[in-house]
>>> print(open('my_file.txt').read())   # compact mmCIF, C-alpha atoms
# COMPACT_ATOMS: atom_id res chain seq x y z
CA MET A 206 0.00 0.00 0.00
CA GLU A 207 1.14 3.53 -0.77
CA ARG A 208 2.59 5.34 2.24
CA ILE A 209 4.09 8.69 2.95
CA PRO A 210 7.64 8.22 4.31
CA ILE A 211 8.42 9.54 7.77
CA LEU A 212 12.12 10.24 8.25
CA LYS A 213 13.80 10.51 11.63
CA MET A 214 16.42 13.25 11.96
CA GLY A 215 17.80 13.47 15.47
CA GLY A 216 14.90 14.36 17.71
CA PHE A 217 12.77 15.48 14.79
CA LEU A 218 10.53 13.68 12.36
CA LEU A 219 10.45 14.85 8.78
CA VAL A 220 7.37 14.18 6.66
CA THR A 221 7.53 15.15 3.01
CA ILE A 222 4.37 14.80 1.03
CA GLN A 223 5.51 14.21 -2.55
CA VAL A 224 2.34 12.78 -4.04
CA ASP A 225 -1.18 14.04 -4.36
CA MET A 226 -2.90 13.53 -1.03
CA HIS A 227 -6.02 11.46 -1.15
CA ASP A 228 -8.25 10.69 1.78
CA ARG A 229 -6.93 7.18 2.52
CA LEU A 230 -3.33 8.40 2.39
CA ALA A 231 -4.11 11.17 4.87
CA LEU A 232 -5.67 8.71 7.31
CA THR A 233 -2.66 6.35 7.00
CA LEU A 234 -0.31 9.26 7.62
CA GLN A 235 -2.26 10.18 10.72
CA ASP A 236 -1.84 6.65 12.13
CA ASP A 237 1.82 6.32 11.12
CA LEU A 238 2.90 9.70 12.40
CA THR A 239 1.30 9.40 15.83
CA GLU A 240 2.87 5.95 16.23
CA GLN A 241 6.31 7.17 15.18
CA ILE A 242 6.18 10.17 17.50
CA VAL A 243 5.54 7.89 20.46
CA LYS A 244 8.09 5.31 19.27
CA TRP A 245 10.98 7.76 18.85
CA HIS A 246 9.99 10.24 21.56
CA ALA A 247 10.15 12.95 18.94
CA HIS A 248 9.90 16.54 20.10
CA GLY A 249 9.52 18.16 16.73
CA VAL A 250 7.67 17.32 13.51
CA LEU A 251 8.25 19.01 10.20
CA ILE A 252 5.61 18.51 7.52
CA ASP A 253 6.77 19.61 4.08
CA ILE A 254 3.85 20.17 1.73
CA SER A 255 5.72 22.08 -0.98
CA ALA A 256 4.79 19.48 -3.59
CA LEU A 257 1.12 19.61 -2.67
CA GLU A 258 -0.67 21.43 -5.47
CA MET A 259 -4.28 20.96 -4.46
CA VAL A 260 -6.21 20.63 -1.22
CA ASP A 261 -9.85 20.12 -0.45
CA SER A 262 -11.62 20.72 2.82
CA PHE A 263 -10.94 17.16 4.01
CA ILE A 264 -7.19 17.27 3.40
CA GLY A 265 -7.07 20.76 4.90
CA ARG A 266 -8.76 19.51 8.05
CA MET A 267 -6.55 16.39 8.15
CA LEU A 268 -3.40 18.55 8.03
CA SER A 269 -4.79 20.65 10.82
CA ASN A 270 -5.74 17.53 12.83
CA ILE A 271 -2.38 15.83 12.32
CA ALA A 272 -0.57 18.93 13.54
CA ASN A 273 -2.82 19.20 16.59
CA MET A 274 -2.41 15.47 17.39
CA ALA A 275 1.37 15.83 17.22
CA ARG A 276 1.16 18.72 19.63
CA LEU A 277 -0.91 16.63 22.03
CA LEU A 278 1.95 14.10 21.99
CA ASP A 279 4.32 16.92 22.97
CA ALA A 280 5.87 17.31 19.55
CA GLU A 281 6.08 20.82 18.14
CA THR A 282 4.79 20.79 14.57
CA VAL A 283 5.72 23.10 11.73
CA VAL A 284 4.04 22.98 8.34
CA VAL A 285 6.42 24.27 5.68
CA GLY A 286 6.42 25.20 2.01
CA MET A 287 2.73 25.77 1.43
CA GLN A 288 2.02 26.86 -2.13
CA PRO A 289 0.21 30.21 -2.63
CA SER A 290 -2.75 28.50 -4.30
CA VAL A 291 -3.09 26.07 -1.39
CA ALA A 292 -2.93 28.91 1.14
CA ILE A 293 -5.63 30.83 -0.72
CA THR A 294 -7.82 27.74 -0.95
CA LEU A 295 -7.53 27.00 2.78
CA VAL A 296 -8.41 30.60 3.66
CA GLU A 297 -11.37 30.59 1.26
CA LEU A 298 -12.53 27.30 2.77
CA GLY A 299 -12.48 28.98 6.17
CA LEU A 300 -9.66 26.79 7.51
CA PRO A 301 -7.03 29.27 8.64
CA MET A 302 -5.35 26.51 10.75
CA LYS A 303 -5.14 28.56 13.89
CA GLY A 304 -2.46 27.47 16.36
CA ILE A 305 -0.27 25.78 13.79
CA ARG A 306 3.24 26.98 13.12
CA THR A 307 4.20 27.58 9.52
CA ALA A 308 7.43 28.37 7.73
CA LEU A 309 8.46 29.14 4.18
CA ASP A 310 10.79 26.20 3.61
CA VAL A 311 12.43 23.27 5.39
CA GLU A 312 15.44 25.32 6.41
CA LYS A 313 13.38 28.01 8.08
CA GLY A 314 11.08 25.39 9.55
CA MET A 315 14.03 23.64 11.20
CA GLN A 316 15.18 26.96 12.60
CA THR A 317 11.71 27.63 14.01
CA LEU A 318 11.66 24.18 15.62
CA ARG A 319 15.11 24.59 17.19
CA VAL A 320 14.26 28.02 18.55
CA SER A 321 10.92 26.92 19.97
CA LEU A 322 12.45 23.86 21.61
CA GLY A 323 15.19 25.97 23.16
CA LEU A 324 17.96 24.28 21.18
CA ASN A 325 20.69 26.30 19.55
CA GLY A 326 19.10 27.93 16.57
CA TYR A 327 20.83 29.12 13.51
CA THR A 328 22.53 32.40 14.18
CA GLN A 329 22.73 34.98 11.51
CA ASP A 330 26.07 36.74 11.24
CA ALA A 331 26.46 40.35 10.29
CA ASP A 332 27.50 39.35 6.79
CA GLY A 333 24.31 37.35 6.31
CA SER A 334 25.90 33.90 6.32
CA THR A 335 24.24 31.28 8.49
CA GLU A 336 25.86 28.71 10.72
CA ILE A 337 24.66 26.22 13.23
CA MET B 209 -43.57 49.78 -50.47
CA SER B 210 -41.20 49.49 -53.43
CA GLY B 211 -42.54 52.81 -54.69
CA THR B 212 -41.79 54.64 -51.50
CA VAL B 213 -38.28 53.22 -51.28
CA SER B 214 -37.64 54.11 -54.87
CA LEU B 215 -38.53 57.74 -54.15
CA LEU B 216 -35.78 57.76 -51.54
CA ASN B 217 -33.43 56.09 -54.02
CA ASP B 218 -34.26 58.55 -56.77
CA THR B 219 -33.66 61.47 -54.48
CA LEU B 220 -30.36 60.08 -53.27
CA GLN B 221 -29.24 59.41 -56.81
CA LYS B 222 -30.31 62.69 -58.36
CA HIS B 223 -29.23 65.08 -55.65
CA GLU B 224 -26.22 63.36 -54.18
CA GLU B 225 -23.88 66.35 -54.55
CA ASP B 226 -26.46 68.85 -53.23
CA LEU B 227 -27.33 66.61 -50.29
CA LEU B 228 -23.69 66.18 -49.47
CA ARG B 229 -23.04 69.92 -49.49
CA GLU B 230 -26.07 70.83 -47.39
CA TRP B 231 -25.54 67.95 -44.96
CA THR B 232 -21.88 68.77 -44.25
CA ALA B 233 -22.74 72.46 -43.90
CA LEU B 234 -25.45 71.58 -41.37
CA GLN B 235 -23.13 69.39 -39.37
CA ALA B 236 -20.42 72.04 -39.34
CA LYS B 237 -23.01 74.52 -38.04
CA SER B 238 -24.34 72.19 -35.34
CA SER B 239 -20.84 71.46 -33.99
CA GLY B 240 -20.78 75.05 -32.75
CA ARG B 241 -17.37 76.06 -34.09
CA PRO B 242 -15.93 76.45 -37.59
CA PRO B 243 -14.10 73.19 -38.47
CA SER B 244 -10.51 73.22 -39.69
CA ALA B 245 -9.79 72.46 -43.34
CA THR B 246 -8.65 68.90 -42.60
CA GLU B 247 -11.63 68.20 -40.37
CA GLU B 248 -13.99 69.44 -43.07
CA LYS B 249 -12.31 67.29 -45.68
CA HIS B 250 -12.46 64.28 -43.39
CA LEU B 251 -16.12 64.85 -42.57
CA GLN B 252 -16.95 65.33 -46.24
CA ALA B 253 -15.23 62.06 -47.12
CA GLN B 254 -17.19 60.24 -44.41
CA CYS B 255 -20.48 61.78 -45.57
CA ARG B 256 -19.77 60.92 -49.18
CA GLU B 257 -18.99 57.35 -48.32
CA PHE B 258 -22.13 57.09 -46.18
CA LEU B 259 -24.41 58.55 -48.87
CA GLY B 260 -22.91 56.26 -51.52
CA GLY B 261 -23.37 53.26 -49.27
CA LEU B 262 -26.89 54.31 -48.30
CA ARG B 263 -27.92 54.67 -51.94
CA GLN B 264 -26.68 51.20 -52.80
CA ALA B 265 -28.02 49.53 -49.70
CA ALA B 266 -31.44 51.20 -49.89
CA GLN B 267 -32.03 49.49 -53.20
CA GLN B 268 -31.91 46.14 -51.38
CA GLY B 269 -34.66 46.98 -48.91
CA ASP B 270 -34.65 48.82 -45.61
CA ASP B 271 -33.81 46.09 -43.10
CA ILE B 272 -30.44 47.24 -41.75
CA SER B 273 -29.56 43.83 -40.32
CA LYS B 274 -29.39 42.40 -43.87
CA PRO B 275 -25.97 41.66 -45.44
CA ALA B 276 -26.59 44.42 -48.00
CA TRP B 277 -26.16 46.95 -45.17
CA ALA B 278 -22.91 45.46 -43.93
CA GLY B 279 -20.85 48.22 -45.58
CA ILE B 280 -22.90 50.95 -43.90
CA ARG B 281 -22.78 49.17 -40.56
CA ASP B 282 -18.98 48.87 -40.76
CA LEU B 283 -18.69 52.52 -41.66
CA LEU B 284 -20.91 53.60 -38.74
CA THR B 285 -19.14 51.24 -36.32
CA GLN B 286 -15.82 52.74 -37.29
CA LEU B 287 -17.17 56.29 -37.13
CA SER B 288 -18.88 56.11 -33.76
CA GLY B 289 -16.05 54.00 -32.35
CA SER B 290 -13.47 56.62 -33.23
CA ARG B 291 -15.75 59.38 -31.93
CA ALA B 292 -16.31 57.54 -28.64
CA ARG B 293 -12.57 57.18 -28.14
CA ALA B 294 -12.03 60.84 -29.08
CA GLY B 295 -14.49 61.81 -26.36
CA SER B 296 -17.52 63.16 -28.26
CA THR B 297 -20.98 62.84 -26.78
CA PRO B 298 -23.47 60.23 -27.95
CA VAL B 299 -25.74 63.09 -29.09
CA ASP B 300 -23.04 64.38 -31.46
CA THR B 301 -22.54 60.92 -32.87
CA ALA B 302 -26.25 60.29 -33.42
CA MET B 303 -26.69 63.76 -34.91
CA PHE B 304 -24.34 62.70 -37.70
CA ILE B 305 -27.24 60.59 -39.00
CA PHE B 306 -30.19 62.68 -37.84
CA SER B 307 -28.92 65.87 -39.45
CA LEU B 308 -29.28 64.17 -42.84
CA LYS B 309 -33.06 64.28 -42.45
CA GLU B 310 -33.52 67.97 -43.09
CA PRO B 311 -31.77 68.23 -46.49
CA LEU B 312 -33.05 64.82 -47.56
CA PHE B 313 -36.71 65.56 -46.81
CA THR B 314 -36.45 68.98 -48.45
CA ARG B 315 -35.22 67.31 -51.61
CA MET B 316 -37.87 64.60 -51.48
CA ARG B 317 -40.59 67.19 -51.20
CA GLN B 318 -39.33 68.82 -54.40
CA GLU B 319 -39.95 65.57 -56.33
CA ASP B 320 -43.18 65.20 -58.25
CA GLY B 321 -45.77 62.88 -56.81
CA ASP B 322 -48.92 62.86 -54.76
CA ALA B 323 -48.96 63.92 -51.12
CA ARG B 324 -49.85 60.48 -49.74
CA ALA B 325 -46.92 58.76 -51.48
CA LEU B 326 -44.58 61.51 -50.30
CA ALA B 327 -45.75 61.18 -46.69
CA ASP B 328 -45.25 57.45 -46.93
CA ALA B 329 -41.78 57.82 -48.37
CA ILE B 330 -40.74 60.33 -45.72
CA TRP B 331 -42.08 58.05 -42.97
CA LYS B 332 -40.05 55.12 -44.32
CA ALA B 333 -36.94 57.27 -44.63
CA THR B 334 -37.41 58.53 -41.06
CA LEU B 335 -37.67 55.00 -39.74
CA LEU B 336 -34.56 53.98 -41.63
CA LEU B 337 -32.49 56.93 -40.46
CA ASP B 338 -33.71 56.51 -36.87
CA ARG B 339 -32.60 52.92 -36.90
CA LEU B 340 -29.20 53.91 -38.25
CA GLY B 341 -28.93 56.64 -35.63
CA LEU B 342 -29.75 54.23 -32.83
CA PHE B 343 -27.20 51.83 -34.26
CA THR B 344 -24.48 54.47 -33.90
CA THR B 345 -25.53 55.09 -30.28
CA GLU B 346 -25.35 51.39 -29.56
CA VAL B 347 -21.87 51.08 -31.03
CA PHE B 348 -20.86 54.23 -29.17
CA GLN B 349 -21.99 52.72 -25.91
CA LYS B 350 -20.20 49.47 -26.62
CA THR B 351 -16.93 51.25 -27.41
CA ARG B 352 -17.20 53.28 -24.21
CA GLU B 353 -17.74 50.11 -22.20
CA GLU B 354 -14.68 48.55 -23.80
CA VAL B 355 -12.64 51.62 -22.85
CA ILE B 356 -13.86 51.41 -19.23
CA ALA B 357 -13.14 47.68 -19.03
CA ARG B 358 -9.64 48.22 -20.37
CA GLN B 359 -8.96 51.01 -17.90
CA GLN B 360 -10.16 48.83 -15.02
CA GLN B 361 -7.82 46.08 -16.14
CA GLU B 362 -4.91 48.50 -16.37
CA LEU B 363 -5.72 49.91 -12.95
CA LEU B 364 -5.79 46.41 -11.53
CA GLU B 365 -2.37 45.65 -12.97
CA LEU B 366 -0.84 48.96 -11.94
CA SER B 367 -2.21 49.24 -8.46
CA THR B 368 -0.83 46.16 -6.74
CA PRO B 369 2.96 46.33 -6.67
CA VAL B 370 4.95 44.29 -4.17
CA VAL B 371 8.20 45.99 -3.19
CA ARG B 372 11.16 44.61 -1.29
CA LEU B 373 12.02 46.82 1.69
CA TRP B 374 14.91 44.83 3.13
CA ASP B 375 16.25 41.30 3.19
CA ASN B 376 13.22 39.11 3.82
CA VAL B 377 10.90 42.10 4.30
CA LEU B 378 8.26 42.90 1.69
CA ALA B 379 5.91 45.88 1.48
CA LEU B 380 2.57 46.02 -0.29
CA PRO B 381 1.32 49.58 -0.63
CA LEU B 382 -2.38 49.44 -1.42
CA ILE B 383 -4.00 52.33 -3.29
CA GLY B 384 -7.75 52.56 -3.86
CA THR B 385 -10.72 50.59 -2.66
CA LEU B 386 -10.27 46.86 -2.08
CA ASP B 387 -12.95 44.77 -3.75
CA SER B 388 -13.04 41.01 -4.16
CA ALA B 389 -11.38 41.01 -7.57
CA ARG B 390 -8.52 43.21 -6.40
CA THR B 391 -8.05 41.27 -3.19
CA GLN B 392 -7.56 38.15 -5.27
CA VAL B 393 -4.84 39.84 -7.34
CA VAL B 394 -3.24 41.39 -4.26
CA MET B 395 -3.20 38.07 -2.42
CA GLN B 396 -1.77 36.19 -5.39
CA ASN B 397 0.93 38.82 -5.99
CA LEU B 398 1.91 38.93 -2.34
CA LEU B 399 2.07 35.15 -1.91
CA ASP B 400 4.08 34.72 -5.12
CA ALA B 401 6.50 37.41 -3.98
CA ILE B 402 6.85 35.74 -0.58
CA VAL B 403 7.83 32.47 -2.27
CA GLN B 404 10.22 34.18 -4.68
CA THR B 405 12.05 36.28 -2.11
CA ARG B 406 11.70 33.85 0.82
CA SER B 407 10.48 36.74 2.95
CA ASP B 408 9.44 36.29 6.58
CA ILE B 409 7.60 39.56 6.97
CA ALA B 410 5.18 41.43 4.74
CA VAL B 411 3.99 44.94 5.51
CA ILE B 412 0.55 45.76 4.07
CA ASP B 413 0.26 49.53 3.93
CA ILE B 414 -3.31 50.82 3.64
CA THR B 415 -2.53 54.55 3.66
CA GLY B 416 -4.02 54.80 0.17
CA VAL B 417 -7.22 52.91 0.96
CA PRO B 418 -9.95 55.55 1.29
CA THR B 419 -12.42 53.57 3.39
CA VAL B 420 -12.36 50.34 5.34
CA ASP B 421 -15.68 48.58 5.73
CA THR B 422 -16.35 45.08 6.99
CA LEU B 423 -15.80 43.62 3.53
CA VAL B 424 -12.42 45.30 3.06
CA ALA B 425 -11.39 44.25 6.57
CA GLN B 426 -12.42 40.69 5.80
CA HIS B 427 -10.35 40.75 2.63
CA LEU B 428 -7.36 42.07 4.56
CA LEU B 429 -7.73 39.35 7.18
CA LYS B 430 -7.90 36.70 4.46
CA THR B 431 -4.67 37.97 2.93
CA VAL B 432 -2.98 37.97 6.34
CA ALA B 433 -4.23 34.43 7.07
CA ALA B 434 -3.00 33.13 3.70
CA ALA B 435 0.44 34.68 4.21
CA ARG B 436 0.60 33.18 7.70
CA LEU B 437 -0.17 29.73 6.29
CA MET B 438 2.83 30.09 4.02
CA GLY B 439 4.99 30.98 6.99
CA ALA B 440 5.20 34.75 6.65
CA ASP B 441 4.02 37.30 9.20
CA CYS B 442 1.96 40.29 8.12
CA ILE B 443 1.96 43.77 9.60
CA ILE B 444 -0.81 46.18 8.63
CA SER B 445 0.33 49.79 8.58
CA GLY B 446 -0.98 53.18 7.52
CA ILE B 447 -4.15 53.09 9.60
CA ARG B 448 -5.49 56.64 9.75
CA PRO B 449 -7.38 57.91 12.82
CA GLN B 450 -10.78 57.81 11.08
CA ILE B 451 -10.13 54.28 9.85
CA ALA B 452 -9.15 53.13 13.33
CA GLN B 453 -12.47 54.56 14.57
CA THR B 454 -14.43 52.88 11.78
CA ILE B 455 -12.78 49.50 12.40
CA ILE B 456 -13.66 49.60 16.09
CA HIS B 457 -17.22 50.86 15.47
CA LEU B 458 -17.77 48.04 12.96
CA GLY B 459 -16.56 45.53 15.52
CA VAL B 460 -13.91 44.11 13.21
CA ASN B 461 -11.45 41.89 15.07
CA LEU B 462 -7.89 42.80 14.09
CA GLU B 463 -6.44 41.59 17.38
CA ASP B 464 -4.48 38.72 15.86
CA VAL B 465 -2.73 41.04 13.45
CA THR B 466 0.11 43.42 14.25
CA THR B 467 -1.02 46.91 13.30
CA LYS B 468 1.02 50.10 13.14
CA ALA B 469 0.10 53.69 12.40
CA THR B 470 2.79 54.32 9.80
CA LEU B 471 4.93 52.36 7.39
CA ALA B 472 8.03 53.60 9.26
CA ASP B 473 6.81 52.03 12.51
CA ALA B 474 6.03 48.77 10.73
CA PHE B 475 9.46 48.78 9.11
CA ALA B 476 11.11 49.30 12.51
CA VAL B 477 9.22 46.28 13.88
CA ALA B 478 10.19 44.22 10.83
CA LEU B 479 13.87 45.10 11.26
CA LYS B 480 13.73 44.21 14.94
CA ARG B 481 12.16 40.83 14.22
CA THR B 482 14.71 39.98 11.54
CA GLY B 483 17.49 40.96 13.91
CA PHE B 484 18.62 44.21 12.37
CA ALA B 485 19.02 47.62 13.98
CA VAL B 486 19.44 51.05 12.51
CA THR B 487 22.14 53.15 14.17
CA ARG B 488 23.41 56.60 13.48
CA ILE B 489 27.02 56.78 12.31
CA LYS B 490 29.11 58.79 14.77
CA ASN B 491 29.65 62.44 13.83
CA GLY B 492 27.48 61.74 10.86
CA ALA B 493 24.70 64.20 11.71
CA GLY B 494 24.27 66.86 9.07
CA ASN B 495 27.03 65.46 6.90
CA ALA B 496 25.60 64.57 3.53
CA ASN B 497 28.47 62.25 2.64
CA SER B 498 27.90 59.97 5.56
CA GLU B 499 24.24 59.31 4.88
CA ARG B 500 24.94 56.01 3.29
>>> encode(input="my_file.txt", output="structure tokens")
Amino acid sequence: MERIPILKMGGFLLVTIQVDMHDRLALTLQDDLTEQIVKWHAHGVLIDISALEMVDSFIGRMLSNIANMARLLDAETVVVGMQPSVAITLVELGLPMKGIRTALDVEKGMQTLRVSLGLNGYTQDADGSTEI
Amino acid sequence: MSGTVSLLNDTLQKHEEDLLREWTALQAKSSGRPPSATEEKHLQAQCREFLGGLRQAAQQGDDISKPAWAGIRDLLTQLSGSRARAGSTPVDTAMFIFSLKEPLFTRMRQEDGDARALADAIWKATLLLDRLGLFTTEVFQKTREEVIARQQQELLELSTPVVRLWDNVLALPLIGTLDSARTQVVMQNLLDAIVQTRSDIAVIDITGVPTVDTLVAQHLLKTVAAARLMGADCIISGIRPQIAQTIIHLGVNLEDVTTKATLADAFAVALKRTGFAVTRIKNGAGNANSER
């Protein structure tokens, strides 16, 4: 059966949605992710939806639910890389996903996670270069 | 019926030059100022073409939607279209046709024939010219509407620029009333720019928005929510005192959004959040060279 891979990176879990989400896939992801969070004691989850071109109200609500479930399990969740069209659709559907952290891309999402978990974040030097 | 139309045809054929002269003179008089030589020549050419076309088309019957009238229709479309763009009034454009009545009917009266046939012929000619006159008004209206639609489109394209203020800070100065169509364009432009420049903060400046009602506020909130979903924070700036009063009286909830009175304040907040600070260079006050 088709699954969305969940990658473990240190204390974080990385979920990249590379295929079109359908309802079954979203439900499987919900099961898998909650299990993995508990299994690895993950404190941060990064969901990359940059390849997601279309959402409907169900997928929108599932994303929102998954993020809230992860938070219940004490894992900070950041949704990154939302496409403009997806953002507009979610707003028009009346799903502004209140209480969910968002970031522009994986890099910035990681930084947000580190900062919110009190780990050493990226620091920006005066010359604009970034280092860990 | 063929008899009455033929009287019109005969008149047009016999007196074409006289009609042309009297008609152009009448139009020049009704325009209220003496036309220049080129204008007169141009008008005369148009009138000549119209009379020629009318004479030919009238032989085929008086239904102006028939293919025989296509030439006349094209001519009138072109004429009233160019007049609409040049800014003349619909009355002026329609008078181009209606002013033909006076010389034409005078000439028709001079023809031999009984009074009943003449009355009939004049009635038919009146109907025909009225229809042509109304046709010019219709085309005039259509051209005007096209002009308005084009201007709206241009306004839409011009009025929603997204400018980069600093690294990762965008500004969106809004000018004019926000309606649904514009909000869509604004939102799309802003979100695309956020992706392109990887900006964290967007300042929406509404100094140029004349009024904020519940609908406009709702549109603003939608834009802010969409930007937040993408991972960018929005600051709304340029809220004038009256607008602040209106927003509160309307009961619009802007609590979740950072708002500032001026773009400068919003920019200061944006710099602070991105970790920058503006400092004055020592001994730099009043020295033009050290401004940069």
>>> interface_residues(input="my_file.txt", of="chain B", to="chain A", cutoff="6 Å", atoms="only C-alpha atoms", output="list in words")
Leu399, Ala434, Leu437, Met438 and Gly439 of chain B
>>> residues_around(input="my_file.txt", residues="B:Val370", least_positions_apart="3", cutoff="7 Å", atoms="all atoms listed in the file", output="mmCIF file with C-alpha atoms, in the coordinates of the input")
data_model
loop_
_atom_site.group_PDB
_atom_site.id
_atom_site.type_symbol
_atom_site.label_atom_id
_atom_site.label_comp_id
_atom_site.auth_asym_id
_atom_site.auth_seq_id
_atom_site.Cartn_x
_atom_site.Cartn_y
_atom_site.Cartn_z
ATOM 1 C CA LEU B 378 8.260 42.900 1.690
ATOM 2 C CA ALA B 379 5.910 45.880 1.480
ATOM 3 C CA LEU B 380 2.570 46.020 -0.290
ATOM 4 C CA LEU B 398 1.910 38.930 -2.340
#
>>> residues_around(input="my_file.txt", residues="stretch 217-223 of chain A", least_positions_apart="6", cutoff="7 Å", atoms="all atoms listed in the file", output="list in words")
Ile209, Pro210, Ile211, Ala247, His248, Gly249, Val250, Leu251, Ile252, Asp253, Ile254, Ala256 and Leu257 of chain A
>>> residues_around(input="my_file.txt", residues="B:Leu287", least_positions_apart="5", cutoff="12 Å", atoms="all atoms listed in the file", output="PyMOL selection string")
chain B and resi 250-251+253-255+257-258+280-282+292-294+296+298+300-302+304-305+341+343-345+347-348+351
>>> atom_distance(input="my_file.txt", atom1="atom CA of B:Thr454", atom2="atom CA of B:Ala476")
25.8 Å
>>> atom_distance(input="my_file.txt", atom1="atom CA of B:Arg317", atom2="atom CA of B:Gln268")
22.8 Å
